[in-house]
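Novice: Below you'll find the structure I mean.
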Amino acid sequence: ESKHLRALPSTPYEVAEWVYGHTVNVDCHVAFKTNRYSAPYNYVGKKVDLKVSEKLVEIYFNSERLCSHKRLPDYMKYKWSTCEEHMPDKFQESKWDDERIKKWSYSIGKYTAEVVDRIFASVRVKEQGYNSALSVLRLSKAYTTERLEAACELALERIQSPRYKTLKAILSSNQDQIFLSKKSEAKTKELHQSVQGYVRGSQYYGGGDQ
């Protein structure tokens, strides 16, 4: 019977978990737990399935495997596994690109632009910054551009590279408005002091009791 048997697989069988219906984000990555894995750019916006084993994360579309990644350990948080060939070139970029995102940030203000610039400066490939930058900019729709600009100014005083979570916390607790109020008070006080100048008493001019 041995001549009728097929050869054993080259790799041992592993138990795998299937995760269905994940969307390929505009940054060309799929999220699994806290980490992200790249997929080919032409699948942006489409639903894919993940086959997750102890060692691999495989991405499938309509039962066809698109790619596989070495699984990042669960203790690693907010890391990226990116294949350069999955990223679009300059003729095939998705609707949102870094130039358009930066242009939006500049229209809001210099502090918002600085936050977005620092997000892109912190990633290895620009597509990794798309979601983080857009999530920041979309706060302007919920809280107004003026409040987002103030929140970015305050956040930049506290941390090197603010993200959505920090800015959302500032806005939802109205820290930006308190910050602006204190700035306004300080400016008014400074202006008042500069206008008032120094008041010299009668002693300076030889007056007083003489």
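As shown in the structure tokens, the chain order sets the letters A, B, ...; within each chain, residues go from 1, and ligands are also counted from 1 in the order they appear.
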DSSP on the backbone, strand (DSSP E) only: what residues of segment 66-140 of chain A does that give? Format it as an NGL selection string.

Specialist: :A and (66-70 or 80-81)

Novice: Write a file of the selected residues as an mmCIF file, in the first residue's frame, keeping N, CA and C atoms.

Specialist:
```cif
data_model
loop_
_atom_site.group_PDB
_atom_site.id
_atom_site.type_symbol
_atom_site.label_atom_id
_atom_site.label_comp_id
_atom_site.auth_asym_id
_atom_site.auth_seq_id
_atom_site.Cartn_x
_atom_site.Cartn_y
_atom_site.Cartn_z
ATOM 1 N N LEU A 66 -4.185 35.717 -0.743
ATOM 2 C CA LEU A 66 -3.496 36.863 -1.333
ATOM 3 C C LEU A 66 -2.047 36.951 -0.875
ATOM 4 N N CYS A 67 -1.821 36.673 0.400
ATOM 5 C CA CYS A 67 -0.477 36.805 0.961
ATOM 6 C C CYS A 67 -0.445 36.198 2.349
ATOM 7 N N SER A 68 0.744 36.070 2.879
ATOM 8 C CA SER A 68 0.905 35.582 4.249
ATOM 9 C C SER A 68 1.996 36.385 4.944
ATOM 10 N N HIS A 69 1.852 36.540 6.243
ATOM 11 C CA HIS A 69 2.810 37.271 7.064
ATOM 12 C C HIS A 69 3.201 36.415 8.259
ATOM 13 N N LYS A 70 4.405 36.603 8.707
ATOM 14 C CA LYS A 70 4.804 36.012 9.974
ATOM 15 C C LYS A 70 4.014 36.724 11.068
ATOM 16 N N TRP A 80 3.523 46.916 12.740
ATOM 17 C CA TRP A 80 3.132 46.765 11.339
ATOM 18 C C TRP A 80 3.976 45.688 10.672
ATOM 19 N N SER A 81 3.321 44.860 9.879
ATOM 20 C CA SER A 81 4.015 43.934 8.996
ATOM 21 C C SER A 81 3.649 44.358 7.570
#
```

Novice: Write out as an NGL selection string each polymer residue whose atoms come within 10 Å of Trp96 of chain A, counting only C-alpha atoms; drop sequence neighbours fewer than 6 positions from it.

Specialist: :A and (26-27 or 127 or 130-131 or 134)

Novice: From the list A:Lys77, A:Lys55, A:Lys126, A:Lys165, which residue is nearest Cys28 of chain A when using only C-alpha atoms?

Specialist: A:Lys126

Novice: What's around Glu85 of chain A at 12 Å? Count only C-alpha atoms, leave out sequence neighbours fewer than 4 positions away in its own chain, and write the answer as a ChimeraX atom specification.

Specialist: /A:28,38-42,67,89,125

Novice: Closest to Leu72 of chain A among A:His22, A:Lys110, A:Arg36, A:Lys103, using only C-alpha atoms?

Specialist: A:Arg36

Novice: So which residues touch Val115 of chain A within 12 Å, counting only C-alpha atoms, skipping near sequence neighbours fewer than 2 positions away, as a PDB file with C-alpha atoms, in the first residue's frame?

Specialist:
```pdb
ATOM      1  CA  ILE A 101      -4.029  64.496   3.807  1.00  0.00           C
ATOM      2  CA  LYS A 102      -1.312  67.088   4.516  1.00  0.00           C
ATOM      3  CA  SER A 105      -4.158  69.520   7.806  1.00  0.00           C
ATOM      4  CA  TYR A 106      -2.535  72.770   6.568  1.00  0.00           C
ATOM      5  CA  ILE A 108      -6.880  73.741   9.583  1.00  0.00           C
ATOM      6  CA  GLY A 109      -3.782  75.323  11.088  1.00  0.00           C
ATOM      7  CA  LYS A 110      -0.072  75.085  11.770  1.00  0.00           C
ATOM      8  CA  TYR A 111      -0.419  72.937  14.897  1.00  0.00           C
ATOM      9  CA  THR A 112      -2.693  70.397  13.200  1.00  0.00           C
ATOM     10  CA  ALA A 113      -0.263  70.324  10.271  1.00  0.00           C
ATOM     11  CA  ASP A 117       3.698  65.825   9.700  1.00  0.00           C
ATOM     12  CA  ARG A 118       5.015  64.070  12.805  1.00  0.00           C
ATOM     13  CA  ILE A 119       2.709  61.106  12.206  1.00  0.00           C
ATOM     14  CA  PHE A 120       4.149  60.616   8.712  1.00  0.00           C
ATOM     15  CA  ALA A 121       7.690  61.156   9.981  1.00  0.00           C
ATOM     16  CA  SER A 122       7.237  58.322  12.485  1.00  0.00           C
ATOM     17  CA  GLY A 129       0.309  56.963   8.461  1.00  0.00           C
ATOM     18  CA  SER A 132      -3.724  57.756  12.064  1.00  0.00           C
ATOM     19  CA  ALA A 133      -3.660  61.088  10.230  1.00  0.00           C
ATOM     20  CA  LEU A 134      -7.218  60.810   8.919  1.00  0.00           C
ATOM     21  CA  SER A 135      -8.600  59.849  12.324  1.00  0.00           C
ATOM     22  CA  VAL A 136      -7.029  63.029  13.729  1.00  0.00           C
ATOM     23  CA  LEU A 137      -8.382  65.240  10.944  1.00  0.00           C
ATOM     24  CA  LEU A 148      -8.900  70.689  16.881  1.00  0.00           C
ATOM     25  CA  GLU A 149      -6.197  73.281  16.234  1.00  0.00           C
ATOM     26  CA  ALA A 150      -6.210  74.255  19.922  1.00  0.00           C
ATOM     27  CA  ALA A 151      -6.115  70.601  20.996  1.00  0.00           C
ATOM     28  CA  CYS A 152      -3.124  69.981  18.724  1.00  0.00           C
ATOM     29  CA  GLU A 153      -1.302  73.000  20.153  1.00  0.00           C
ATOM     30  CA  LEU A 154      -1.899  71.757  23.701  1.00  0.00           C
ATOM     31  CA  ALA A 155      -0.964  68.172  22.854  1.00  0.00           C
ATOM     32  CA  LEU A 156       2.315  69.234  21.208  1.00  0.00           C
ATOM     33  CA  GLU A 157       3.309  70.923  24.464  1.00  0.00           C
ATOM     34  CA  ILE A 159       4.104  64.812  23.956  1.00  0.00           C
ATOM     35  CA  GLN A 160       6.354  64.371  20.932  1.00  0.00           C
ATOM     36  CA  SER A 161       3.873  62.866  18.476  1.00  0.00           C
ATOM     37  CA  PRO A 162       0.187  63.165  19.461  1.00  0.00           C
ATOM     38  CA  ARG A 163      -2.326  60.698  18.094  1.00  0.00           C
ATOM     39  CA  TYR A 164      -6.113  60.413  17.908  1.00  0.00           C
ATOM     40  CA  THR A 166      -4.714  61.913  23.070  1.00  0.00           C
ATOM     41  CA  LEU A 167      -6.531  64.556  21.024  1.00  0.00           C
TER      42      LEU A 167
END
```
